[in-house]
file run.txt (compact mmCIF, C-alpha atoms)
# COMPACT_ATOMS: atom_id res chain seq x y z
CA MET T 1 -173.92 178.10 -187.13
CA GLY T 2 -177.16 177.60 -185.20
CA TRP T 3 -179.28 177.71 -188.31
CA VAL T 4 -177.07 175.09 -189.94
CA VAL T 5 -177.52 172.72 -187.00
CA SER T 6 -181.26 173.38 -186.92
CA GLY T 7 -181.53 172.76 -190.65
CA ALA T 8 -179.59 169.52 -190.43
CA LEU T 9 -181.76 168.34 -187.54
CA ALA T 10 -184.92 169.21 -189.43
CA ALA T 11 -183.68 167.33 -192.49
CA PHE T 12 -182.87 164.31 -190.31
CA VAL T 13 -186.37 164.31 -188.77
CA VAL T 14 -188.01 164.60 -192.20
CA THR T 15 -185.88 161.74 -193.52
CA VAL T 16 -186.83 159.51 -190.57
CA LEU T 17 -190.51 160.27 -191.10
CA MET T 18 -190.24 159.55 -194.82
CA LEU T 19 -188.54 156.22 -194.14
CA ASN T 20 -191.21 155.22 -191.61
CA PHE T 21 -194.33 156.34 -193.40
CA THR T 22 -193.57 155.92 -197.09
CA GLY T 23 -192.16 153.25 -199.35
CA GLY T 24 -190.72 153.20 -202.82
CA GLU T 25 -192.48 150.05 -204.04
CA LYS T 26 -195.65 150.04 -206.07
CA ARG T 27 -198.71 149.13 -204.03
CA ILE T 28 -201.94 147.38 -204.97
CA GLU T 29 -204.14 150.11 -206.37
CA HIS T 30 -206.92 148.31 -208.24
CA ARG T 31 -209.73 145.99 -207.20
CA ILE T 32 -209.48 142.31 -208.00
CA PRO T 33 -212.39 141.22 -210.22
CA HIS T 34 -214.83 138.58 -208.99
CA ALA T 35 -214.05 135.21 -210.61
CA GLN T 36 -213.66 131.92 -208.73
CA GLY T 37 -215.33 131.19 -205.42
CA VAL T 38 -213.35 130.27 -202.31
CA ARG T 39 -214.22 126.58 -202.76
CA ASP T 40 -212.77 126.48 -206.27
CA ALA T 41 -209.46 124.69 -206.72
CA GLN T 42 -208.25 127.53 -208.95
CA PHE T 43 -208.81 130.09 -206.17
CA GLN T 44 -206.82 128.02 -203.69
CA ARG T 45 -204.00 127.46 -206.21
CA GLU T 46 -203.75 131.16 -206.92
CA ILE T 47 -203.90 132.30 -203.31
CA GLY T 48 -201.31 129.69 -202.34
CA THR T 49 -198.98 130.81 -205.12
CA LEU T 50 -199.41 134.56 -204.61
CA LEU T 51 -199.11 134.48 -200.81
CA GLY T 52 -196.17 132.09 -200.84
CA PRO T 53 -196.97 128.92 -198.90
CA PRO T 54 -199.32 126.40 -200.55
CA VAL T 55 -202.61 125.29 -199.07
CA LEU T 56 -201.94 121.97 -197.30
CA ALA T 57 -204.35 119.15 -196.46
CA GLY T 58 -204.50 117.16 -193.23
CA ASN T 59 -204.84 119.81 -190.51
CA SER T 60 -206.97 120.16 -187.40
CA ILE T 61 -207.86 123.53 -185.86
CA ARG T 62 -209.29 124.12 -182.41
CA ASN T 63 -211.12 127.37 -181.65
CA LEU T 64 -210.30 128.87 -178.23
CA GLU T 65 -212.42 131.66 -176.78
CA ASN T 66 -211.22 134.21 -174.17
CA GLY T 67 -208.43 133.98 -171.64
CA ASP T 68 -209.98 131.32 -169.42
CA THR T 69 -209.71 128.88 -172.35
CA ILE T 70 -206.82 130.33 -174.35
CA PHE T 71 -204.15 130.66 -171.68
CA PRO T 72 -204.55 127.17 -170.17
CA ALA T 73 -204.22 125.59 -173.64
CA MET T 74 -201.08 127.58 -174.45
CA LEU T 75 -199.53 126.91 -171.03
CA GLN T 76 -200.32 123.19 -171.25
CA ALA T 77 -198.49 123.02 -174.58
CA ILE T 78 -195.49 124.94 -173.18
CA ARG T 79 -195.28 122.75 -170.08
CA GLY T 80 -195.35 119.64 -172.27
CA ALA T 81 -192.52 120.80 -174.57
CA ARG T 82 -189.72 118.29 -175.07
CA HIS T 83 -187.53 119.85 -177.76
CA SER T 84 -188.31 123.47 -178.66
CA ILE T 85 -190.54 126.47 -178.02
CA THR T 86 -190.69 129.42 -180.40
CA PHE T 87 -192.83 132.34 -179.26
CA GLU T 88 -193.41 135.72 -180.94
CA THR T 89 -195.84 138.30 -179.63
CA TYR T 90 -196.57 142.00 -179.80
CA ILE T 91 -197.80 142.44 -176.22
CA TYR T 92 -196.13 140.82 -173.22
CA TRP T 93 -196.76 142.74 -169.99
CA SER T 94 -195.85 142.04 -166.41
CA GLY T 95 -198.73 140.78 -164.27
CA SER T 96 -200.30 137.51 -163.23
CA ILE T 97 -200.53 136.08 -166.76
CA GLY T 98 -197.07 137.32 -167.70
CA ASP T 99 -195.64 135.73 -164.56
CA GLU T 100 -197.34 132.41 -165.31
CA PHE T 101 -195.89 132.29 -168.82
CA ALA T 102 -192.45 133.33 -167.57
CA VAL T 103 -192.41 130.53 -164.99
CA ALA T 104 -193.48 127.94 -167.58
CA LEU T 105 -190.96 129.10 -170.19
CA SER T 106 -188.14 129.26 -167.63
CA GLU T 107 -188.88 125.79 -166.27
CA ARG T 108 -188.71 124.27 -169.76
CA ALA T 109 -185.47 126.10 -170.56
CA ARG T 110 -183.87 124.82 -167.36
CA ALA T 111 -185.02 121.32 -168.36
CA GLY T 112 -182.99 121.59 -171.57
CA VAL T 113 -185.73 122.63 -174.01
CA LYS T 114 -184.60 125.22 -176.56
CA VAL T 115 -186.78 128.27 -175.82
CA HIS T 116 -186.79 131.32 -178.10
CA VAL T 117 -188.95 134.38 -177.38
CA LEU T 118 -189.28 137.38 -179.72
CA LEU T 119 -191.03 140.42 -178.26
CA ASP T 120 -191.91 143.62 -180.03
CA TRP T 121 -189.97 146.48 -178.44
CA VAL T 122 -193.00 148.84 -178.42
CA GLY T 123 -195.64 146.28 -177.45
CA SER T 124 -193.56 144.90 -174.58
CA GLN T 125 -192.80 148.24 -172.92
CA LYS T 126 -194.80 147.16 -169.86
CA ILE T 127 -192.68 144.10 -169.14
CA ASP T 128 -190.52 144.36 -166.04
CA ASP T 129 -186.75 144.31 -166.62
CA ARG T 130 -186.47 141.83 -163.77
CA MET T 131 -188.75 139.41 -165.62
CA LEU T 132 -186.58 139.66 -168.73
CA ALA T 133 -183.47 139.08 -166.64
CA SER T 134 -185.08 136.08 -164.97
CA LEU T 135 -186.04 134.54 -168.32
CA ARG T 136 -182.54 134.97 -169.68
CA ALA T 137 -180.95 133.62 -166.50
CA ALA T 138 -183.05 130.46 -166.93
CA GLY T 139 -181.69 129.98 -170.44
CA VAL T 140 -184.55 131.49 -172.47
CA GLN T 141 -183.29 133.33 -175.55
CA VAL T 142 -185.20 136.63 -175.47
CA GLU T 143 -184.87 139.10 -178.33
CA LEU T 144 -186.55 142.45 -178.94
CA PHE T 145 -187.86 143.32 -182.39
CA HIS T 146 -186.71 146.71 -183.69
CA PRO T 147 -185.57 148.27 -180.39
CA LEU T 148 -184.88 152.00 -180.45
CA ARG T 149 -181.40 152.54 -181.85
CA TRP T 150 -180.01 155.49 -183.79
CA TYR T 151 -179.24 153.24 -186.76
CA SER T 152 -182.75 151.73 -186.85
CA LEU T 153 -184.85 154.90 -186.64
CA GLY T 154 -186.01 154.29 -190.21
CA ARG T 155 -187.78 151.12 -189.00
CA ILE T 156 -189.26 152.39 -185.74
CA ASN T 157 -192.78 152.44 -187.23
CA ASN T 158 -192.42 148.82 -188.39
CA ARG T 159 -193.58 146.60 -185.51
CA THR T 160 -194.11 142.88 -185.27
CA HIS T 161 -197.77 142.41 -184.48
CA ARG T 162 -197.60 138.63 -184.98
CA LYS T 163 -198.86 136.27 -182.28
CA LEU T 164 -197.20 132.90 -182.81
CA LEU T 165 -196.44 130.05 -180.44
CA VAL T 166 -195.03 126.76 -181.78
CA VAL T 167 -194.12 123.85 -179.48
CA ASP T 168 -191.83 121.03 -180.67
CA GLY T 169 -192.68 122.02 -184.23
CA GLN T 170 -195.90 120.02 -183.85
CA VAL T 171 -198.55 122.31 -182.37
CA GLY T 172 -199.04 126.00 -183.06
CA PHE T 173 -201.18 128.84 -181.73
CA THR T 174 -202.18 132.13 -183.31
CA GLY T 175 -204.94 134.72 -182.97
CA GLY T 176 -205.43 138.04 -181.28
CA VAL T 177 -204.49 137.46 -177.65
CA GLY T 178 -201.64 139.28 -175.94
CA ILE T 179 -199.84 138.11 -172.83
CA ALA T 180 -201.43 140.48 -170.33
CA ASP T 181 -204.05 140.42 -167.60
CA LEU T 182 -206.50 142.34 -169.85
CA TRP T 183 -207.05 139.06 -171.70
CA SER T 184 -207.69 136.94 -168.61
CA GLY T 185 -211.17 135.79 -167.60
CA SER T 186 -214.13 135.30 -169.92
CA ALA T 187 -214.85 138.80 -171.26
CA SER T 188 -217.41 139.33 -168.52
CA ASP T 189 -216.60 143.00 -167.83
CA PRO T 190 -214.89 145.98 -169.54
CA GLN T 191 -211.59 145.18 -167.81
CA HIS T 192 -211.27 141.78 -169.55
CA TRP T 193 -211.14 141.74 -173.33
CA ARG T 194 -213.15 139.57 -175.70
CA ASP T 195 -210.77 137.64 -177.97
CA SER T 196 -210.21 134.41 -179.92
CA HIS T 197 -207.16 132.24 -180.47
CA TYR T 198 -206.62 129.05 -182.48
CA GLU T 199 -204.65 125.84 -182.00
CA LEU T 200 -203.24 124.22 -185.15
CA ARG T 201 -201.95 120.67 -185.68
CA GLY T 202 -200.85 119.02 -188.91
CA PRO T 203 -198.59 119.87 -191.86
CA ALA T 204 -199.37 123.62 -191.80
CA VAL T 205 -197.63 123.93 -188.40
CA ALA T 206 -194.33 123.92 -190.34
CA GLN T 207 -195.53 127.08 -192.12
CA MET T 208 -196.27 128.68 -188.75
CA GLN T 209 -192.77 127.79 -187.61
CA ALA T 210 -191.39 129.37 -190.79
CA ALA T 211 -193.41 132.51 -190.01
CA PHE T 212 -191.66 132.75 -186.63
CA MET T 213 -188.27 132.12 -188.26
CA ASP T 214 -188.89 135.00 -190.68
CA ASN T 215 -188.60 137.59 -187.90
CA TRP T 216 -186.20 135.60 -185.72
CA ILE T 217 -183.65 135.77 -188.53
CA LYS T 218 -184.25 139.52 -188.91
CA ALA T 219 -183.71 140.07 -185.18
CA THR T 220 -180.75 137.74 -184.65
CA GLY T 221 -179.28 136.75 -188.01
CA LYS T 222 -179.53 133.12 -186.86
CA VAL T 223 -181.38 130.22 -188.47
CA LEU T 224 -182.99 127.60 -186.23
CA SER T 225 -183.14 124.27 -188.01
CA GLY T 226 -183.34 120.53 -187.45
CA PRO T 227 -186.04 118.11 -186.26
CA ALA T 228 -186.46 119.98 -182.96
CA TYR T 229 -188.07 122.77 -184.99
CA PHE T 230 -189.15 121.08 -188.22
CA PRO T 231 -190.12 117.47 -187.50
CA ALA T 232 -191.95 115.27 -189.99
CA LEU T 233 -195.65 116.05 -189.57
CA GLU T 234 -198.40 113.51 -190.10
CA PRO T 235 -201.99 114.45 -191.03
CA ALA T 236 -203.97 115.48 -187.95
CA GLY T 237 -207.37 116.22 -189.44
CA GLY T 238 -209.34 116.94 -192.58
CA ALA T 239 -208.93 120.72 -192.97
CA ARG T 240 -206.91 122.42 -195.67
CA ALA T 241 -204.85 125.29 -194.31
CA GLN T 242 -201.96 127.69 -194.89
CA VAL T 243 -200.01 130.12 -192.70
CA PHE T 244 -198.54 133.17 -194.40
CA VAL T 245 -196.85 136.40 -193.41
CA ALA T 246 -196.81 140.03 -194.48
CA SER T 247 -193.93 142.43 -193.94
CA PRO T 248 -192.93 145.86 -195.26
CA ASP T 249 -189.48 144.36 -195.88
CA GLY T 250 -190.88 141.93 -198.44
CA GLY T 251 -194.37 140.89 -199.50
CA GLY T 252 -195.82 143.98 -197.81
CA ASP T 253 -199.10 143.70 -199.68
CA SER T 254 -199.59 139.98 -199.04
CA MET T 255 -202.18 140.52 -196.33
CA MET T 256 -204.14 143.09 -198.29
CA LEU T 257 -203.97 140.83 -201.35
CA MET T 258 -205.45 137.94 -199.37
CA TYR T 259 -208.33 140.07 -198.09
CA LEU T 260 -208.99 141.53 -201.54
CA MET T 261 -209.00 138.08 -203.16
CA ALA T 262 -211.17 136.50 -200.45
CA ILE T 263 -213.74 139.29 -200.43
CA GLY T 264 -213.65 139.43 -204.24
CA ALA T 265 -214.40 135.69 -204.36
CA ALA T 266 -217.43 135.87 -202.03
CA ARG T 267 -220.72 134.67 -203.48
CA GLN T 268 -223.09 134.50 -200.49
CA THR T 269 -221.70 135.80 -197.18
CA ILE T 270 -218.87 137.77 -195.58
CA ASP T 271 -218.60 137.85 -191.79
CA LEU T 272 -215.84 140.04 -190.38
CA SER T 273 -214.77 140.46 -186.75
CA ALA T 274 -212.47 143.46 -186.66
CA SER T 275 -210.95 144.91 -183.51
CA TYR T 276 -209.74 147.87 -185.60
CA PHE T 277 -211.75 148.52 -188.76
CA VAL T 278 -210.40 151.42 -190.82
CA PRO T 279 -210.84 150.40 -194.47
CA ASP T 280 -209.21 152.59 -197.11
CA GLU T 281 -210.85 153.46 -200.43
CA LEU T 282 -209.64 150.27 -202.09
CA THR T 283 -210.88 147.86 -199.43
CA ARG T 284 -214.17 149.75 -199.09
CA GLY T 285 -214.57 149.42 -202.84
CA VAL T 286 -214.12 145.65 -202.74
CA LEU T 287 -216.72 145.36 -199.99
CA LEU T 288 -219.10 147.58 -201.97
CA ASP T 289 -218.61 145.38 -205.06
CA ALA T 290 -219.55 142.34 -202.97
CA LEU T 291 -222.67 144.07 -201.68
CA ARG T 292 -223.69 144.93 -205.24
CA ARG T 293 -223.35 141.23 -206.15
CA GLY T 294 -225.85 140.43 -203.41
CA VAL T 295 -223.35 139.19 -200.84
CA LYS T 296 -224.54 139.55 -197.24
CA VAL T 297 -221.89 141.50 -195.28
CA ARG T 298 -221.87 141.53 -191.46
CA ILE T 299 -219.14 143.34 -189.50
CA ILE T 300 -218.55 143.42 -185.74
CA VAL T 301 -216.35 146.22 -184.36
CA PRO T 302 -215.71 147.52 -180.83
CA GLY T 303 -218.18 149.88 -179.24
CA SER T 304 -217.30 152.56 -176.70
CA ASN T 305 -215.02 150.12 -174.85
CA ILE T 306 -211.91 150.54 -177.00
CA ASP T 307 -208.29 151.25 -176.17
CA THR T 308 -207.77 153.67 -179.08
CA GLU T 309 -210.64 156.13 -179.47
CA VAL T 310 -209.06 157.81 -182.50
CA VAL T 311 -209.34 154.49 -184.37
CA ARG T 312 -213.04 154.22 -183.56
CA LYS T 313 -213.65 157.77 -184.78
CA ALA T 314 -211.67 157.26 -187.99
CA SER T 315 -213.58 154.03 -188.59
CA ARG T 316 -217.05 155.54 -188.11
CA ALA T 317 -216.26 158.42 -190.47
CA GLU T 318 -216.15 155.99 -193.40
CA TRP T 319 -219.21 153.84 -192.74
CA GLY T 320 -221.68 155.79 -194.85
CA GLN T 321 -221.22 154.12 -198.24
CA LEU T 322 -221.10 150.65 -196.72
CA LEU T 323 -224.26 151.15 -194.64
CA ALA T 324 -226.14 152.74 -197.55
CA ALA T 325 -225.21 149.74 -199.74
CA GLY T 326 -226.60 147.27 -197.20
CA ALA T 327 -223.67 146.29 -195.00
CA GLN T 328 -224.66 145.40 -191.44
CA ILE T 329 -222.28 146.93 -188.88
CA PHE T 330 -222.51 146.08 -185.20
CA GLU T 331 -220.71 147.56 -182.18
CA TYR T 332 -219.83 145.06 -179.47
CA GLN T 333 -221.08 146.32 -176.11
CA PRO T 334 -219.90 144.41 -172.99
CA THR T 335 -216.14 144.94 -173.24
CA MET T 336 -213.26 145.62 -175.60
CA PHE T 337 -213.66 143.51 -178.75
CA HIS T 338 -210.25 142.29 -179.94
CA CYS T 339 -211.22 139.46 -182.33
CA LYS T 340 -209.78 139.26 -185.86
CA MET T 341 -211.62 136.86 -188.14
CA LEU T 342 -212.88 136.77 -191.72
CA VAL T 343 -215.34 134.07 -192.87
CA VAL T 344 -216.27 133.90 -196.56
CA ASP T 345 -219.15 131.77 -197.85
CA ARG T 346 -218.93 129.64 -194.68
CA HIS T 347 -215.85 127.90 -196.07
CA LEU T 348 -212.75 130.12 -195.91
CA VAL T 349 -211.78 131.32 -192.44
CA SER T 350 -208.83 133.67 -191.97
CA VAL T 351 -207.58 134.35 -188.44
CA GLY T 352 -204.40 135.65 -186.86
CA SER T 353 -202.92 138.99 -185.87
CA THR T 354 -204.23 141.15 -188.72
CA ASN T 355 -206.53 144.10 -188.18
CA PHE T 356 -208.62 145.52 -191.02
CA ASP T 357 -206.59 148.71 -191.33
CA ASN T 358 -203.64 150.22 -193.15
CA ARG T 359 -201.21 149.57 -190.30
CA SER T 360 -201.76 145.83 -190.55
CA PHE T 361 -201.97 145.80 -194.36
CA ARG T 362 -198.88 147.92 -195.05
CA LEU T 363 -196.81 148.78 -191.95
CA ASN T 364 -196.73 145.88 -189.48
CA GLU T 365 -195.29 142.38 -189.54
CA GLU T 366 -198.39 140.17 -189.53
CA ALA T 367 -199.20 136.46 -189.81
CA ASN T 368 -202.52 134.79 -190.60
CA LEU T 369 -203.86 131.24 -190.67
CA ASN T 370 -206.28 130.45 -193.51
CA ILE T 371 -208.55 127.42 -193.10
CA TYR T 372 -210.65 125.95 -195.92
CA ASP T 373 -213.20 123.74 -194.21
CA ASP T 374 -217.01 123.83 -194.04
CA ALA T 375 -217.27 122.33 -190.55
CA PHE T 376 -214.78 124.74 -188.96
CA ALA T 377 -216.35 127.69 -190.77
CA GLU T 378 -219.77 126.67 -189.48
CA HIS T 379 -218.40 126.45 -185.94
CA VAL T 380 -216.81 129.90 -185.93
CA THR T 381 -219.88 131.38 -187.62
CA GLY T 382 -221.74 130.23 -184.51
CA VAL T 383 -219.19 132.09 -182.38
CA PHE T 384 -219.65 135.17 -184.58
CA GLU T 385 -223.42 135.04 -184.16
CA ALA T 386 -223.05 134.64 -180.39
CA ASP T 387 -221.04 137.88 -180.41
CA LEU T 388 -223.79 139.53 -182.47
CA ARG T 389 -226.19 138.95 -179.58
CA HIS T 390 -223.98 141.26 -177.47
CA ALA T 391 -223.64 143.91 -180.16
CA ARG T 392 -225.73 146.91 -181.22
CA ARG T 393 -226.49 147.36 -184.90
CA ILE T 394 -225.79 150.82 -186.34
CA THR T 395 -228.22 151.74 -189.14
CA TYR T 396 -227.53 154.19 -191.94
CA GLU T 397 -230.13 156.54 -190.43
CA GLN T 398 -228.41 156.46 -187.04
CA TRP T 399 -225.06 157.09 -188.69
CA GLN T 400 -226.45 160.12 -190.56
CA GLN T 401 -228.04 161.58 -187.42
CA ARG T 402 -224.94 161.65 -185.20
CA PRO T 403 -224.13 165.11 -183.77
CA TRP T 404 -222.06 167.55 -185.86
CA ARG T 405 -219.30 167.66 -183.23
CA GLU T 406 -218.99 163.88 -183.47
CA LYS T 407 -218.85 164.08 -187.26
CA LEU T 408 -216.12 166.73 -187.09
CA LEU T 409 -213.98 164.67 -184.71
CA GLU T 410 -214.47 161.55 -186.84
CA HIS T 411 -213.45 163.24 -190.07
CA THR T 412 -210.44 164.80 -188.34
CA ALA T 413 -209.37 161.35 -187.09
CA ALA T 414 -209.86 159.93 -190.60
CA LEU T 415 -207.10 162.24 -191.88
CA PHE T 416 -204.64 160.00 -190.03
CA SER T 417 -206.15 156.70 -191.16
CA SER T 418 -203.06 155.75 -193.19
CA GLN T 419 -201.16 155.36 -189.90
CA LEU T 420 -203.94 153.65 -187.90
call {"tool": "encode", "arguments": {"input": "run.txt", "output": "structure tokens"}}
result
Amino acid sequence: MGWVVSGALAAFVVTVLMLNFTGGEKRIEHRIPHAQGVRDAQFQREIGTLLGPPVLAGNSIRNLENGDTIFPAMLQAIRGARHSITFETYIYWSGSIGDEFAVALSERARAGVKVHVLLDWVGSQKIDDRMLASLRAAGVQVELFHPLRWYSLGRINNRTHRKLLVVDGQVGFTGGVGIADLWSGSASDPQHWRDSHYELRGPAVAQMQAAFMDNWIKATGKVLSGPAYFPALEPAGGARAQVFVASPDGGGDSMMLMYLMAIGAARQTIDLSASYFVPDELTRGVLLDALRRGVKVRIIVPGSNIDTEVVRKASRAEWGQLLAAGAQIFEYQPTMFHCKMLVVDRHLVSVGSTNFDNRSFRLNEEANLNIYDDAFAEHVTGVFEADLRHARRITYEQWQQRPWREKLLEHTAALFSSQL
């Protein structure tokens, strides 16, 4: 009897692993050929159609750098809410910043504002139960995304990594920041992370609201509708923009498709800020194609200050071809580097929650904001180059000369890159 039970348990474990780490759908397997540039109307039509939401005119985007700027802007928007707040995040931890957000959200809920908060069950493990109880007692609707249940074990590896805040359906925020004290300050020491976030106004805010609704419906089965969430939106600026999502439940390759198309369209420059940079063979191939076309490729990744050392090792194992082909790779030195930004030909800027790795491209729920605007691209390129001044370039020769023990650990870590 014991062997029967053991066999059944083993079969159950294998089934759960298969459900979490594999999928039945066909995946993108081939590079997208270089055709239109990112400024071409045809490129924007195609990317709008393939990713779902169209590219919309009339938006303004404000770049926010580090916690000292990001958190006050988000809290000001929350405190000014009159109708609704929708908030989805991967990390929400107890601490000074978490308390400040909880107080602001609770105050608005008590004032009659409809407040909805969706937290990832894994990412929010460090939130105090008393804080959750306090939020709910104030009238905040708090839901957990994919909590551990026996009937949801097949989705336990599918996390929402999205960072979305929409207030009154009129102003939205997205980027890399989590609600935790690690993001406070101005990235002046290794205990305070370097990160960027972005404030959006204009017609594309409705797409950001729809991105929140995508997972809210999955978590609750409820649809939030009406002018409190989807008001009429007037033009707020001159930028063209779109907000789109990726999910293993549907459109799982949307994020990878966007990156492949954007990199494949590059004609002059690609600047990539990547808090986790673990490109697979396909994405490395697209970058190599760009380098062969003469595109200048600059990539900033974390240095030794990183929260997941196995990711850094898996990343470094695969740099050889890129460095040999002329890619410039820099390791950020002062603190943890958590930025996520792609700039192509100083026109297309893509920001949001997505890391340049398989977990973001195929396993997580992600959301990105694409902006098509020369002036905004020029501004964030300046931010990118300011980060370069705090980063150390790794040459191909340096990469080749690293110790054999380091090479062994890196190649061992790379075996798990499909889950990183």
call {"tool": "atom_distance", "arguments": {"input": "run.txt", "atom1": "CA of Leu165 in chain T", "atom2": "CA of Val383 in chain T"}}
result
22.9 Å
call {"tool": "residues_around", "arguments": {"input": "run.txt", "residues": "range 334-351 of chain T", "least_positions_apart": "3", "cutoff": "6 Å", "atoms": "only C-alpha atoms", "output": "ChimeraX atom specification"}}
result
/T:189-190,193-196,266,268-275,302,305-306,368-374,377
call {"tool": "closest_residue", "arguments": {"input": "run.txt", "among": "T:Leu200, T:Met258, T:Ala77, T:Ile329", "to": "Phe277 in chain T", "atoms": "all atoms listed in the file"}}
result
T:Ile329
call {"tool": "residues_around", "arguments": {"input": "run.txt", "residues": "Asp129 in chain T", "least_positions_apart": "5", "cutoff": "10 Å", "atoms": "all atoms listed in the file", "output": "number ranges by chain"}}
result
T: 94, 134-135
call {"tool": "atom_distance", "arguments": {"input": "run.txt", "atom1": "CA of Leu148 in chain T", "atom2": "CA of Arg136 in chain T"}}
result
20.3 Å
call {"tool": "closest_residue", "arguments": {"input": "run.txt", "among": "T:Ala375, T:Met208, T:Ala81, T:Val311", "to": "His411 in chain T", "atoms": "all atoms listed in the file"}}
result
T:Val311
call {"tool": "closest_residue", "arguments": {"input": "run.txt", "among": "T:Gly226, T:Pro147, T:Gly185, T:Gly37", "to": "Ser96 in chain T", "atoms": "all atoms listed in the file"}}
result
T:Gly185
call {"tool": "residues_around", "arguments": {"input": "run.txt", "residues": "Phe101 in chain T", "least_positions_apart": "3", "cutoff": "12 Å", "atoms": "all atoms listed in the file", "output": "PyMOL selection string"}}
result
chain T and resi 71-79+87+92-98+104-108+117+131-132+135+140+165+178-181
call {"tool": "residues_near_point", "arguments": {"input": "run.txt", "point": "(-180.7, 126.1, -186.6)", "cutoff": "12 Å", "atoms": "only C-alpha atoms", "output": "PyMOL selection string"}}
result
chain T and resi 84+114+116+210+213+216-217+220-230
call {"tool": "closest_residue", "arguments": {"input": "run.txt", "among": "T:Gly320, T:Lys218, T:Asp168, T:Asp289", "to": "Gln401 in chain T", "atoms": "only C-alpha atoms"}}
result
T:Gly320
call {"tool": "atom_distance", "arguments": {"input": "run.txt", "atom1": "CA of Pro231 in chain T", "atom2": "CA of Gln209 in chain T"}}
result
10.7 Å
call {"tool": "residues_around", "arguments": {"input": "run.txt", "residues": "range 242-251 of chain T", "least_positions_apart": "5", "cutoff": "10 Å", "atoms": "only C-alpha atoms", "output": "PyMOL selection string"}}
result
chain T and resi 23+25+47-48+50-57+59+155+158-160+162+174+203-212+214-215+218+256-258+350-352+354+360-372
call {"tool": "write_last_selection", "arguments": {"input": "run.txt", "atoms": "C-alpha atoms", "output": "compact mmCIF listing (two decimals), in the coordinates of the input"}}
result
# COMPACT_ATOMS: atom_id res chain seq x y z
CA GLY T 23 -192.16 153.25 -199.35
CA GLU T 25 -192.48 150.05 -204.04
CA ILE T 47 -203.90 132.30 -203.31
CA GLY T 48 -201.31 129.69 -202.34
CA LEU T 50 -199.41 134.56 -204.61
CA LEU T 51 -199.11 134.48 -200.81
CA GLY T 52 -196.17 132.09 -200.84
CA PRO T 53 -196.97 128.92 -198.90
CA PRO T 54 -199.32 126.40 -200.55
CA VAL T 55 -202.61 125.29 -199.07
CA LEU T 56 -201.94 121.97 -197.30
CA ALA T 57 -204.35 119.15 -196.46
CA ASN T 59 -204.84 119.81 -190.51
CA ARG T 155 -187.78 151.12 -189.00
CA ASN T 158 -192.42 148.82 -188.39
CA ARG T 159 -193.58 146.60 -185.51
CA THR T 160 -194.11 142.88 -185.27
CA ARG T 162 -197.60 138.63 -184.98
CA THR T 174 -202.18 132.13 -183.31
CA PRO T 203 -198.59 119.87 -191.86
CA ALA T 204 -199.37 123.62 -191.80
CA VAL T 205 -197.63 123.93 -188.40
CA ALA T 206 -194.33 123.92 -190.34
CA GLN T 207 -195.53 127.08 -192.12
CA MET T 208 -196.27 128.68 -188.75
CA GLN T 209 -192.77 127.79 -187.61
CA ALA T 210 -191.39 129.37 -190.79
CA ALA T 211 -193.41 132.51 -190.01
CA PHE T 212 -191.66 132.75 -186.63
CA ASP T 214 -188.89 135.00 -190.68
CA ASN T 215 -188.60 137.59 -187.90
CA LYS T 218 -184.25 139.52 -188.91
CA MET T 256 -204.14 143.09 -198.29
CA LEU T 257 -203.97 140.83 -201.35
CA MET T 258 -205.45 137.94 -199.37
CA SER T 350 -208.83 133.67 -191.97
CA VAL T 351 -207.58 134.35 -188.44
CA GLY T 352 -204.40 135.65 -186.86
CA THR T 354 -204.23 141.15 -188.72
CA SER T 360 -201.76 145.83 -190.55
CA PHE T 361 -201.97 145.80 -194.36
CA ARG T 362 -198.88 147.92 -195.05
CA LEU T 363 -196.81 148.78 -191.95
CA ASN T 364 -196.73 145.88 -189.48
CA GLU T 365 -195.29 142.38 -189.54
CA GLU T 366 -198.39 140.17 -189.53
CA ALA T 367 -199.20 136.46 -189.81
CA ASN T 368 -202.52 134.79 -190.60
CA LEU T 369 -203.86 131.24 -190.67
CA ASN T 370 -206.28 130.45 -193.51
CA ILE T 371 -208.55 127.42 -193.10
CA TYR T 372 -210.65 125.95 -195.92
call {"tool": "residues_around", "arguments": {"input": "run.txt", "residues": "Ala290 in chain T", "least_positions_apart": "3", "cutoff": "10 Å", "atoms": "all atoms listed in the file", "output": "NGL selection string"}}
result
:T and (34 or 263-270 or 284-287 or 293-297 or 325 or 327)
call {"tool": "write_last_selection", "arguments": {"input": "run.txt", "atoms": "C-alpha atoms", "output": "compact mmCIF listing (two decimals), in the coordinates of the input"}}
result
# COMPACT_ATOMS: atom_id res chain seq x y z
CA HIS T 34 -214.83 138.58 -208.99
CA ILE T 263 -213.74 139.29 -200.43
CA GLY T 264 -213.65 139.43 -204.24
CA ALA T 265 -214.40 135.69 -204.36
CA ALA T 266 -217.43 135.87 -202.03
CA ARG T 267 -220.72 134.67 -203.48
CA GLN T 268 -223.09 134.50 -200.49
CA THR T 269 -221.70 135.80 -197.18
CA ILE T 270 -218.87 137.77 -195.58
CA ARG T 284 -214.17 149.75 -199.09
CA GLY T 285 -214.57 149.42 -202.84
CA VAL T 286 -214.12 145.65 -202.74
CA LEU T 287 -216.72 145.36 -199.99
CA ARG T 293 -223.35 141.23 -206.15
CA GLY T 294 -225.85 140.43 -203.41
CA VAL T 295 -223.35 139.19 -200.84
CA LYS T 296 -224.54 139.55 -197.24
CA VAL T 297 -221.89 141.50 -195.28
CA ALA T 325 -225.21 149.74 -199.74
CA ALA T 327 -223.67 146.29 -195.00
